Every structure is written in structure tokens, then in C-alpha cells.
$ cat my_file26.pdb   # PDB, N, CA and C atoms
ATOM      1  N   MET A 203     -50.254 -34.609  12.940
ATOM      2  CA  MET A 203     -49.352 -34.662  14.063
ATOM      3  C   MET A 203     -47.933 -34.939  13.550
ATOM      4  N   ARG A 204     -46.994 -34.083  13.945
ATOM      5  CA  ARG A 204     -45.610 -34.246  13.525
ATOM      6  C   ARG A 204     -44.875 -35.129  14.509
ATOM      7  N   THR A 205     -44.028 -35.966  13.982
ATOM      8  CA  THR A 205     -43.198 -36.790  14.844
ATOM      9  C   THR A 205     -41.807 -36.186  14.898
ATOM     10  N   LYS A 206     -41.200 -36.331  16.038
ATOM     11  CA  LYS A 206     -39.859 -35.788  16.214
ATOM     12  C   LYS A 206     -38.857 -36.718  15.527
ATOM     13  N   THR A 207     -38.072 -36.140  14.654
ATOM     14  CA  THR A 207     -37.023 -36.916  13.989
ATOM     15  C   THR A 207     -35.678 -36.470  14.533
ATOM     16  N   THR A 208     -34.843 -37.434  14.759
ATOM     17  CA  THR A 208     -33.504 -37.115  15.245
ATOM     18  C   THR A 208     -32.498 -37.453  14.161
ATOM     19  N   SER A 209     -31.553 -36.583  14.002
ATOM     20  CA  SER A 209     -30.505 -36.793  13.021
ATOM     21  C   SER A 209     -29.406 -37.635  13.655
ATOM     22  N   HIS A 210     -28.839 -38.484  12.856
ATOM     23  CA  HIS A 210     -27.753 -39.320  13.350
ATOM     24  C   HIS A 210     -26.390 -38.788  12.922
ATOM     25  N   SER A 211     -26.377 -37.512  12.506
ATOM     26  CA  SER A 211     -25.105 -36.900  12.130
ATOM     27  C   SER A 211     -25.149 -35.410  12.453
ATOM     28  N   ILE A 212     -23.972 -34.847  12.597
ATOM     29  CA  ILE A 212     -23.824 -33.415  12.806
ATOM     30  C   ILE A 212     -22.642 -32.967  11.954
ATOM     31  N   PHE A 213     -22.857 -31.933  11.166
ATOM     32  CA  PHE A 213     -21.850 -31.446  10.222
ATOM     33  C   PHE A 213     -21.375 -32.554   9.290
ATOM     34  N   GLY A 214     -22.270 -33.485   8.971
ATOM     35  CA  GLY A 214     -21.930 -34.576   8.060
ATOM     36  C   GLY A 214     -21.160 -35.714   8.698
ATOM     37  N   LEU A 215     -20.871 -35.612   9.987
ATOM     38  CA  LEU A 215     -20.143 -36.658  10.703
ATOM     39  C   LEU A 215     -21.110 -37.420  11.597
ATOM     40  N   PRO A 216     -20.886 -38.706  11.817
ATOM     41  CA  PRO A 216     -21.785 -39.456  12.692
ATOM     42  C   PRO A 216     -21.693 -38.954  14.132
ATOM     43  N   LYS A 217     -22.830 -38.985  14.830
ATOM     44  CA  LYS A 217     -22.836 -38.574  16.235
ATOM     45  C   LYS A 217     -22.088 -39.591  17.086
ATOM     46  N   VAL A 218     -21.527 -39.103  18.171
ATOM     47  CA  VAL A 218     -20.814 -39.946  19.121
ATOM     48  C   VAL A 218     -21.857 -40.650  19.994
ATOM     49  N   PRO A 219     -21.675 -41.920  20.301
ATOM     50  CA  PRO A 219     -22.632 -42.620  21.165
ATOM     51  C   PRO A 219     -22.759 -41.952  22.534
ATOM     52  N   SER A 220     -23.936 -42.046  23.122
ATOM     53  CA  SER A 220     -24.228 -41.347  24.380
ATOM     54  C   SER A 220     -23.334 -41.790  25.536
ATOM     55  N   ARG A 221     -22.752 -42.952  25.450
ATOM     56  CA  ARG A 221     -21.881 -43.417  26.553
ATOM     57  C   ARG A 221     -20.624 -42.563  26.698
ATOM     58  N   PHE A 222     -20.319 -41.732  25.683
ATOM     59  CA  PHE A 222     -19.136 -40.878  25.724
ATOM     60  C   PHE A 222     -19.439 -39.463  26.198
ATOM     61  N   VAL A 223     -20.634 -39.229  26.741
ATOM     62  CA  VAL A 223     -21.016 -37.878  27.165
ATOM     63  C   VAL A 223     -20.062 -37.336  28.235
ATOM     64  N   GLY A 224     -19.551 -38.188  29.087
ATOM     65  CA  GLY A 224     -18.614 -37.768  30.127
ATOM     66  C   GLY A 224     -17.270 -37.320  29.585
ATOM     67  N   PHE A 225     -16.989 -37.616  28.347
ATOM     68  CA  PHE A 225     -15.763 -37.196  27.683
ATOM     69  C   PHE A 225     -16.015 -35.996  26.763
ATOM     70  N   VAL A 226     -17.148 -36.034  26.050
ATOM     71  CA  VAL A 226     -17.457 -34.989  25.068
ATOM     72  C   VAL A 226     -17.788 -33.661  25.751
ATOM     73  N   MET A 227     -18.572 -33.688  26.815
ATOM     74  CA  MET A 227     -18.951 -32.448  27.499
ATOM     75  C   MET A 227     -17.731 -31.703  28.034
ATOM     76  N   PRO A 228     -16.801 -32.348  28.752
ATOM     77  CA  PRO A 228     -15.594 -31.618  29.182
ATOM     78  C   PRO A 228     -14.725 -31.165  28.009
ATOM     79  N   LEU A 229     -14.725 -31.917  26.919
ATOM     80  CA  LEU A 229     -13.968 -31.511  25.744
ATOM     81  C   LEU A 229     -14.494 -30.184  25.198
ATOM     82  N   ILE A 230     -15.801 -30.095  25.000
ATOM     83  CA  ILE A 230     -16.406 -28.870  24.470
ATOM     84  C   ILE A 230     -16.259 -27.723  25.461
ATOM     85  N   LEU A 231     -16.506 -28.000  26.736
ATOM     86  CA  LEU A 231     -16.372 -26.967  27.769
ATOM     87  C   LEU A 231     -14.947 -26.435  27.821
ATOM     88  N   SER A 232     -13.963 -27.311  27.763
ATOM     89  CA  SER A 232     -12.567 -26.865  27.839
ATOM     90  C   SER A 232     -12.170 -26.051  26.615
ATOM     91  N   ILE A 233     -12.695 -26.392  25.455
ATOM     92  CA  ILE A 233     -12.379 -25.622  24.248
ATOM     93  C   ILE A 233     -12.894 -24.192  24.382
ATOM     94  N   PHE A 234     -14.174 -24.044  24.746
ATOM     95  CA  PHE A 234     -14.745 -22.702  24.874
ATOM     96  C   PHE A 234     -14.112 -21.917  26.020
ATOM     97  N   MET A 235     -13.952 -22.563  27.172
ATOM     98  CA  MET A 235     -13.423 -21.886  28.341
ATOM     99  C   MET A 235     -12.002 -21.382  28.107
ATOM    100  N   THR A 236     -11.139 -22.242  27.581
ATOM    101  CA  THR A 236      -9.755 -21.832  27.368
ATOM    102  C   THR A 236      -9.634 -20.805  26.255
ATOM    103  N   CYS A 237     -10.505 -20.876  25.262
ATOM    104  CA  CYS A 237     -10.497 -19.877  24.188
ATOM    105  C   CYS A 237     -10.764 -18.490  24.755
ATOM    106  N   ILE A 238     -11.795 -18.364  25.548
ATOM    107  CA  ILE A 238     -12.188 -17.069  26.099
ATOM    108  C   ILE A 238     -11.160 -16.565  27.104
ATOM    109  N   VAL A 239     -10.741 -17.423  28.019
ATOM    110  CA  VAL A 239      -9.797 -17.000  29.053
ATOM    111  C   VAL A 239      -8.435 -16.646  28.441
ATOM    112  N   SER A 240      -7.949 -17.450  27.506
ATOM    113  CA  SER A 240      -6.655 -17.134  26.894
ATOM    114  C   SER A 240      -6.732 -15.864  26.054
ATOM    115  N   LEU A 241      -7.863 -15.612  25.411
ATOM    116  CA  LEU A 241      -8.025 -14.363  24.655
ATOM    117  C   LEU A 241      -7.958 -13.162  25.592
ATOM    118  N   ILE A 242      -8.674 -13.231  26.706
ATOM    119  CA  ILE A 242      -8.675 -12.115  27.665
ATOM    120  C   ILE A 242      -7.276 -11.896  28.237
ATOM    121  N   CYS A 243      -6.617 -12.966  28.625
ATOM    122  CA  CYS A 243      -5.264 -12.835  29.182
ATOM    123  C   CYS A 243      -4.281 -12.307  28.143
ATOM    124  N   THR A 244      -4.392 -12.783  26.912
ATOM    125  CA  THR A 244      -3.491 -12.312  25.866
ATOM    126  C   THR A 244      -3.749 -10.849  25.544
ATOM    127  N   LEU A 245      -5.019 -10.461  25.469
ATOM    128  CA  LEU A 245      -5.352  -9.056  25.221
ATOM    129  C   LEU A 245      -4.823  -8.143  26.328
ATOM    130  N   SER A 246      -4.808  -8.634  27.557
ATOM    131  CA  SER A 246      -4.376  -7.789  28.669
ATOM    132  C   SER A 246      -2.857  -7.659  28.774
ATOM    133  N   THR A 247      -2.131  -8.535  28.077
ATOM    134  CA  THR A 247      -0.672  -8.498  28.207
ATOM    135  C   THR A 247       0.073  -8.204  26.924
ATOM    136  N   VAL A 248      -0.566  -8.361  25.778
ATOM    137  CA  VAL A 248       0.121  -8.216  24.489
ATOM    138  C   VAL A 248      -0.625  -7.204  23.635
ATOM    139  N   GLU A 249       0.113  -6.353  22.967
ATOM    140  CA  GLU A 249      -0.510  -5.410  22.031
ATOM    141  C   GLU A 249      -1.032  -6.168  20.815
ATOM    142  N   ILE A 250      -2.091  -5.655  20.218
ATOM    143  CA  ILE A 250      -2.635  -6.271  19.019
ATOM    144  C   ILE A 250      -1.739  -5.887  17.845
ATOM    145  N   THR A 251      -0.980  -6.858  17.403
ATOM    146  CA  THR A 251      -0.076  -6.689  16.264
ATOM    147  C   THR A 251      -0.336  -7.826  15.283
ATOM    148  N   SER A 252       0.481  -7.910  14.275
ATOM    149  CA  SER A 252       0.328  -8.995  13.307
ATOM    150  C   SER A 252       0.624 -10.359  13.927
ATOM    151  N   LYS A 253       1.339 -10.383  15.045
ATOM    152  CA  LYS A 253       1.673 -11.637  15.713
ATOM    153  C   LYS A 253       0.673 -12.017  16.800
ATOM    154  N   PHE A 254      -0.327 -11.170  17.039
ATOM    155  CA  PHE A 254      -1.270 -11.412  18.129
ATOM    156  C   PHE A 254      -1.961 -12.769  18.005
ATOM    157  N   PHE A 255      -2.476 -13.078  16.827
ATOM    158  CA  PHE A 255      -3.223 -14.324  16.638
ATOM    159  C   PHE A 255      -2.347 -15.532  16.939
ATOM    160  N   ARG A 256      -1.113 -15.500  16.484
ATOM    161  CA  ARG A 256      -0.186 -16.612  16.737
ATOM    162  C   ARG A 256       0.102 -16.760  18.233
ATOM    163  N   ILE A 257       0.304 -15.641  18.904
ATOM    164  CA  ILE A 257       0.548 -15.663  20.349
ATOM    165  C   ILE A 257      -0.666 -16.212  21.088
ATOM    166  N   TRP A 258      -1.855 -15.739  20.694
ATOM    167  CA  TRP A 258      -3.086 -16.197  21.340
ATOM    168  C   TRP A 258      -3.289 -17.695  21.120
ATOM    169  N   MET A 259      -3.062 -18.185  19.898
ATOM    170  CA  MET A 259      -3.245 -19.609  19.623
ATOM    171  C   MET A 259      -2.264 -20.463  20.428
ATOM    172  N   GLY A 260      -1.056 -19.953  20.619
ATOM    173  CA  GLY A 260      -0.096 -20.661  21.462
ATOM    174  C   GLY A 260      -0.566 -20.727  22.901
ATOM    175  N   ALA A 261      -1.087 -19.608  23.396
ATOM    176  CA  ALA A 261      -1.611 -19.578  24.763
ATOM    177  C   ALA A 261      -2.829 -20.475  24.889
ATOM    178  N   TRP A 262      -3.683 -20.446  23.865
ATOM    179  CA  TRP A 262      -4.883 -21.278  23.889
ATOM    180  C   TRP A 262      -4.512 -22.757  23.911
ATOM    181  N   GLY A 263      -3.594 -23.157  23.050
ATOM    182  CA  GLY A 263      -3.193 -24.559  23.001
ATOM    183  C   GLY A 263      -2.620 -25.037  24.317
ATOM    184  N   LEU A 264      -1.752 -24.237  24.897
ATOM    185  CA  LEU A 264      -1.149 -24.610  26.171
ATOM    186  C   LEU A 264      -2.188 -24.696  27.280
ATOM    187  N   SER A 265      -3.098 -23.730  27.317
ATOM    188  CA  SER A 265      -4.118 -23.749  28.369
ATOM    189  C   SER A 265      -5.096 -24.900  28.164
ATOM    190  N   TRP A 266      -5.384 -25.258  26.919
ATOM    191  CA  TRP A 266      -6.302 -26.368  26.682
ATOM    192  C   TRP A 266      -5.683 -27.690  27.107
ATOM    193  N   VAL A 267      -4.384 -27.848  26.831
ATOM    194  CA  VAL A 267      -3.691 -29.080  27.227
ATOM    195  C   VAL A 267      -3.762 -29.277  28.741
ATOM    196  N   ALA A 268      -3.759 -28.200  29.499
ATOM    197  CA  ALA A 268      -3.882 -28.298  30.956
ATOM    198  C   ALA A 268      -5.335 -28.438  31.390
ATOM    199  N   ALA A 269      -6.239 -27.724  30.725
ATOM    200  CA  ALA A 269      -7.632 -27.671  31.170
ATOM    201  C   ALA A 269      -8.408 -28.951  30.906
ATOM    202  N   PHE A 270      -8.234 -29.576  29.758
ATOM    203  CA  PHE A 270      -9.055 -30.734  29.421
ATOM    204  C   PHE A 270      -8.847 -31.903  30.389
ATOM    205  N   PRO A 271      -7.609 -32.334  30.639
ATOM    206  CA  PRO A 271      -7.452 -33.427  31.609
ATOM    207  C   PRO A 271      -7.890 -33.021  33.015
ATOM    208  N   THR A 272      -7.698 -31.746  33.356
ATOM    209  CA  THR A 272      -8.147 -31.269  34.660
ATOM    210  C   THR A 272      -9.657 -31.395  34.786
ATOM    211  N   LEU A 273     -10.382 -30.997  33.746
ATOM    212  CA  LEU A 273     -11.840 -31.135  33.768
ATOM    213  C   LEU A 273     -12.266 -32.592  33.883
ATOM    214  N   LEU A 274     -11.581 -33.478  33.184
ATOM    215  CA  LEU A 274     -11.921 -34.900  33.268
ATOM    216  C   LEU A 274     -11.771 -35.419  34.697
ATOM    217  N   LEU A 275     -10.755 -34.931  35.397
ATOM    218  CA  LEU A 275     -10.513 -35.379  36.769
ATOM    219  C   LEU A 275     -11.419 -34.691  37.785
ATOM    220  N   ILE A 276     -11.680 -33.416  37.598
ATOM    221  CA  ILE A 276     -12.390 -32.609  38.581
ATOM    222  C   ILE A 276     -13.909 -32.676  38.430
ATOM    223  N   LEU A 277     -14.412 -32.908  37.244
ATOM    224  CA  LEU A 277     -15.857 -32.869  37.019
ATOM    225  C   LEU A 277     -16.653 -33.800  37.934
ATOM    226  N   PRO A 278     -16.220 -35.026  38.195
ATOM    227  CA  PRO A 278     -16.988 -35.855  39.142
ATOM    228  C   PRO A 278     -17.065 -35.248  40.542
ATOM    229  N   VAL A 279     -15.993 -34.619  40.983
ATOM    230  CA  VAL A 279     -15.984 -33.962  42.291
ATOM    231  C   VAL A 279     -16.942 -32.776  42.290
ATOM    232  N   VAL A 280     -16.928 -31.998  41.213
ATOM    233  CA  VAL A 280     -17.812 -30.839  41.101
ATOM    234  C   VAL A 280     -19.272 -31.288  41.096
ATOM    235  N   ARG A 281     -19.565 -32.367  40.410
ATOM    236  CA  ARG A 281     -20.950 -32.888  40.402
ATOM    237  C   ARG A 281     -21.392 -33.272  41.814
ATOM    238  N   LYS A 282     -20.538 -33.929  42.574
ATOM    239  CA  LYS A 282     -20.874 -34.311  43.950
ATOM    240  C   LYS A 282     -21.048 -33.084  44.842
ATOM    241  N   LEU A 283     -20.150 -32.118  44.704
ATOM    242  CA  LEU A 283     -20.277 -30.883  45.493
ATOM    243  C   LEU A 283     -21.556 -30.148  45.147
ATOM    244  N   THR A 284     -21.879 -30.087  43.865
ATOM    245  CA  THR A 284     -23.106 -29.431  43.423
ATOM    246  C   THR A 284     -24.321 -30.133  44.003
ATOM    247  N   ALA A 285     -24.329 -31.453  43.970
ATOM    248  CA  ALA A 285     -25.454 -32.207  44.521
ATOM    249  C   ALA A 285     -25.580 -31.980  46.023
ATOM    250  N   ALA A 286     -24.449 -31.781  46.703
ATOM    251  CA  ALA A 286     -24.494 -31.548  48.146
ATOM    252  C   ALA A 286     -25.001 -30.146  48.470
ATOM    253  N   ILE A 287     -24.772 -29.185  47.591
ATOM    254  CA  ILE A 287     -25.149 -27.795  47.832
ATOM    255  C   ILE A 287     -26.581 -27.497  47.385
ATOM    256  N   VAL A 288     -26.969 -28.094  46.250
ATOM    257  CA  VAL A 288     -28.277 -27.789  45.659
ATOM    258  C   VAL A 288     -29.322 -28.754  46.198
ATOM    259  N   ASP A 289     -30.466 -28.209  46.594
ATOM    260  CA  ASP A 289     -31.540 -29.029  47.157
ATOM    261  C   ASP A 289     -32.345 -29.663  46.050
TER     262      ASP A 289
END

$ encode --input "my_file26.pdb" --output "C-alpha cells"
Amino acid sequence: MRTKTTSHSIFGLPKVPSRFVGFVMPLILSIFMTCIVSLICTLSTVEITSKFFRIWMGAWGLSWVAAFPTLLLILPVVRKLTAAIVD
């Protein structure tokens, strides 16, 4: 019988304590969300040139600065709305 072993590190770094899940989840979500949305918006407005990556990273950084604190504030409201809608 195999026992489940849990690692206390990821990528060689110690894991964050579970009490920070309310901070880590919006952080990861905002990184992925803003990356994808800023890429799509940049692709739709700027030609792919040698400066494209720099322009996209600027858009990504700006959108992340707005998105992360917004997620921290809005996520509790979204959880309550979801609980009210889902049976």
C-alpha cells in the first residue's frame, strides 16, 4: 500500500502556508487572465514587429496592476453571488 507524500516545496521554493490562499489564488488568476487578454488586445491593435513583445509586456504590466487589486476586492462578492446562484 502506497502512502501519499506531499512535497513542502515547489520549484525548489518553500510552499506558502494555506492561510494565504485568498491572496495566492487571485495572484495566479490575475497573471494568467491579464496575460491572455493583453495579448489578444495587443494583437488586435498592433502589428507584429520587433517591438511587439515590449508593447505587449507594457500592456500586460499595466493591466495586471489594475486586475490584481480588483480581484482581491471583488472575489468575496463573486463568491457570495455564486453561492446565491448555484444550488

$ atom_distance --input "my_file26.pdb" --atom1 "atom CA of Phe255 of chain A" --atom2 "atom CA of Ile238 of chain A"
13.3 Å

$ closest_residue --input "my_file26.pdb" --among "A:Ser209, A:Ser265, A:Ser220, A:Ser252" --to "Ser232 of chain A" --atoms "only N, CA and C atoms"
A:Ser265

$ atom_distance --input "my_file26.pdb" --atom1 "atom CA of Cys243 of chain A" --atom2 "atom CA of Arg281 of chain A"
27.8 Å

$ atom_distance --input "my_file26.pdb" --atom1 "atom N of Leu277 of chain A" --atom2 "atom CA of Gly224 of chain A"
9.6 Å

$ resolve_selection --input "my_file26.pdb" --expression "the PyMOL selection byres (((chain A and resi 259 and name CA) around 12) and name CA)" --output "compact mmCIF listing (two decimals) with N, CA and C atoms, keeping the file's coordinate frame"
# COMPACT_ATOMS: atom_id res chain seq x y z
N ILE A 233 -12.70 -26.39 25.46
CA ILE A 233 -12.38 -25.62 24.25
C ILE A 233 -12.89 -24.19 24.38
N THR A 236 -11.14 -22.24 27.58
CA THR A 236 -9.76 -21.83 27.37
C THR A 236 -9.63 -20.80 26.26
N CYS A 237 -10.50 -20.88 25.26
CA CYS A 237 -10.50 -19.88 24.19
C CYS A 237 -10.76 -18.49 24.76
N ILE A 238 -11.80 -18.36 25.55
CA ILE A 238 -12.19 -17.07 26.10
C ILE A 238 -11.16 -16.57 27.10
N VAL A 239 -10.74 -17.42 28.02
CA VAL A 239 -9.80 -17.00 29.05
C VAL A 239 -8.44 -16.65 28.44
N SER A 240 -7.95 -17.45 27.51
CA SER A 240 -6.66 -17.13 26.89
C SER A 240 -6.73 -15.86 26.05
N LEU A 241 -7.86 -15.61 25.41
CA LEU A 241 -8.02 -14.36 24.66
C LEU A 241 -7.96 -13.16 25.59
N CYS A 243 -6.62 -12.97 28.62
CA CYS A 243 -5.26 -12.84 29.18
C CYS A 243 -4.28 -12.31 28.14
N THR A 244 -4.39 -12.78 26.91
CA THR A 244 -3.49 -12.31 25.87
C THR A 244 -3.75 -10.85 25.54
N LYS A 253 1.34 -10.38 15.04
CA LYS A 253 1.67 -11.64 15.71
C LYS A 253 0.67 -12.02 16.80
N PHE A 254 -0.33 -11.17 17.04
CA PHE A 254 -1.27 -11.41 18.13
C PHE A 254 -1.96 -12.77 18.00
N PHE A 255 -2.48 -13.08 16.83
CA PHE A 255 -3.22 -14.32 16.64
C PHE A 255 -2.35 -15.53 16.94
N ARG A 256 -1.11 -15.50 16.48
CA ARG A 256 -0.19 -16.61 16.74
C ARG A 256 0.10 -16.76 18.23
N ILE A 257 0.30 -15.64 18.90
CA ILE A 257 0.55 -15.66 20.35
C ILE A 257 -0.67 -16.21 21.09
N TRP A 258 -1.86 -15.74 20.69
CA TRP A 258 -3.09 -16.20 21.34
C TRP A 258 -3.29 -17.70 21.12
N GLY A 260 -1.06 -19.95 20.62
CA GLY A 260 -0.10 -20.66 21.46
C GLY A 260 -0.57 -20.73 22.90
N ALA A 261 -1.09 -19.61 23.40
CA ALA A 261 -1.61 -19.58 24.76
C ALA A 261 -2.83 -20.48 24.89
N TRP A 262 -3.68 -20.45 23.86
CA TRP A 262 -4.88 -21.28 23.89
C TRP A 262 -4.51 -22.76 23.91
N GLY A 263 -3.59 -23.16 23.05
CA GLY A 263 -3.19 -24.56 23.00
C GLY A 263 -2.62 -25.04 24.32
N LEU A 264 -1.75 -24.24 24.90
CA LEU A 264 -1.15 -24.61 26.17
C LEU A 264 -2.19 -24.70 27.28
N SER A 265 -3.10 -23.73 27.32
CA SER A 265 -4.12 -23.75 28.37
C SER A 265 -5.10 -24.90 28.16
N TRP A 266 -5.38 -25.26 26.92
CA TRP A 266 -6.30 -26.37 26.68
C TRP A 266 -5.68 -27.69 27.11

$ select_by_dssp --input "my_file26.pdb" --residues "chain A" --states "helix (DSSP H, G or I)" --output "number ranges by chain"
A: 220-247, 254-287

$ axis_aligned_box --input "my_file26.pdb" --around "segment 249-262 of chain A" --padding-each-side "5 Å" --output "lines of an AutoDock Vina configuration file"
center_x = -1.6
center_y = -14.1
center_z = 19.1
size_x = 16.6
size_y = 27.3
size_z = 21.6

$ closest_residue --input "my_file26.pdb" --among "A:Ile287, A:Ala269, A:Val280, A:Leu274" --to "Met235 of chain A" --atoms "only C-alpha atoms"
A:Ala269

$ residues_around --input "my_file26.pdb" --residues "His210 of chain A" --least-positions-apart "6" --cutoff "12 Å" --atoms "only C-alpha atoms" --output "PDB file with N, CA and C atoms, in the coordinates of the input"
ATOM      1  N   PRO A 216     -20.886 -38.706  11.817  1.00  0.00           N
ATOM      2  CA  PRO A 216     -21.785 -39.456  12.692  1.00  0.00           C
ATOM      3  C   PRO A 216     -21.693 -38.954  14.132  1.00  0.00           C
ATOM      4  N   LYS A 217     -22.830 -38.985  14.830  1.00  0.00           N
ATOM      5  CA  LYS A 217     -22.836 -38.574  16.235  1.00  0.00           C
ATOM      6  C   LYS A 217     -22.088 -39.591  17.086  1.00  0.00           C
ATOM      7  N   VAL A 218     -21.527 -39.103  18.171  1.00  0.00           N
ATOM      8  CA  VAL A 218     -20.814 -39.946  19.121  1.00  0.00           C
ATOM      9  C   VAL A 218     -21.857 -40.650  19.994  1.00  0.00           C
ATOM     10  N   PRO A 219     -21.675 -41.920  20.301  1.00  0.00           N
ATOM     11  CA  PRO A 219     -22.632 -42.620  21.165  1.00  0.00           C
ATOM     12  C   PRO A 219     -22.759 -41.952  22.534  1.00  0.00           C
ATOM     13  N   SER A 220     -23.936 -42.046  23.122  1.00  0.00           N
ATOM     14  CA  SER A 220     -24.228 -41.347  24.380  1.00  0.00           C
ATOM     15  C   SER A 220     -23.334 -41.790  25.536  1.00  0.00           C
TER      16      SER A 220
END
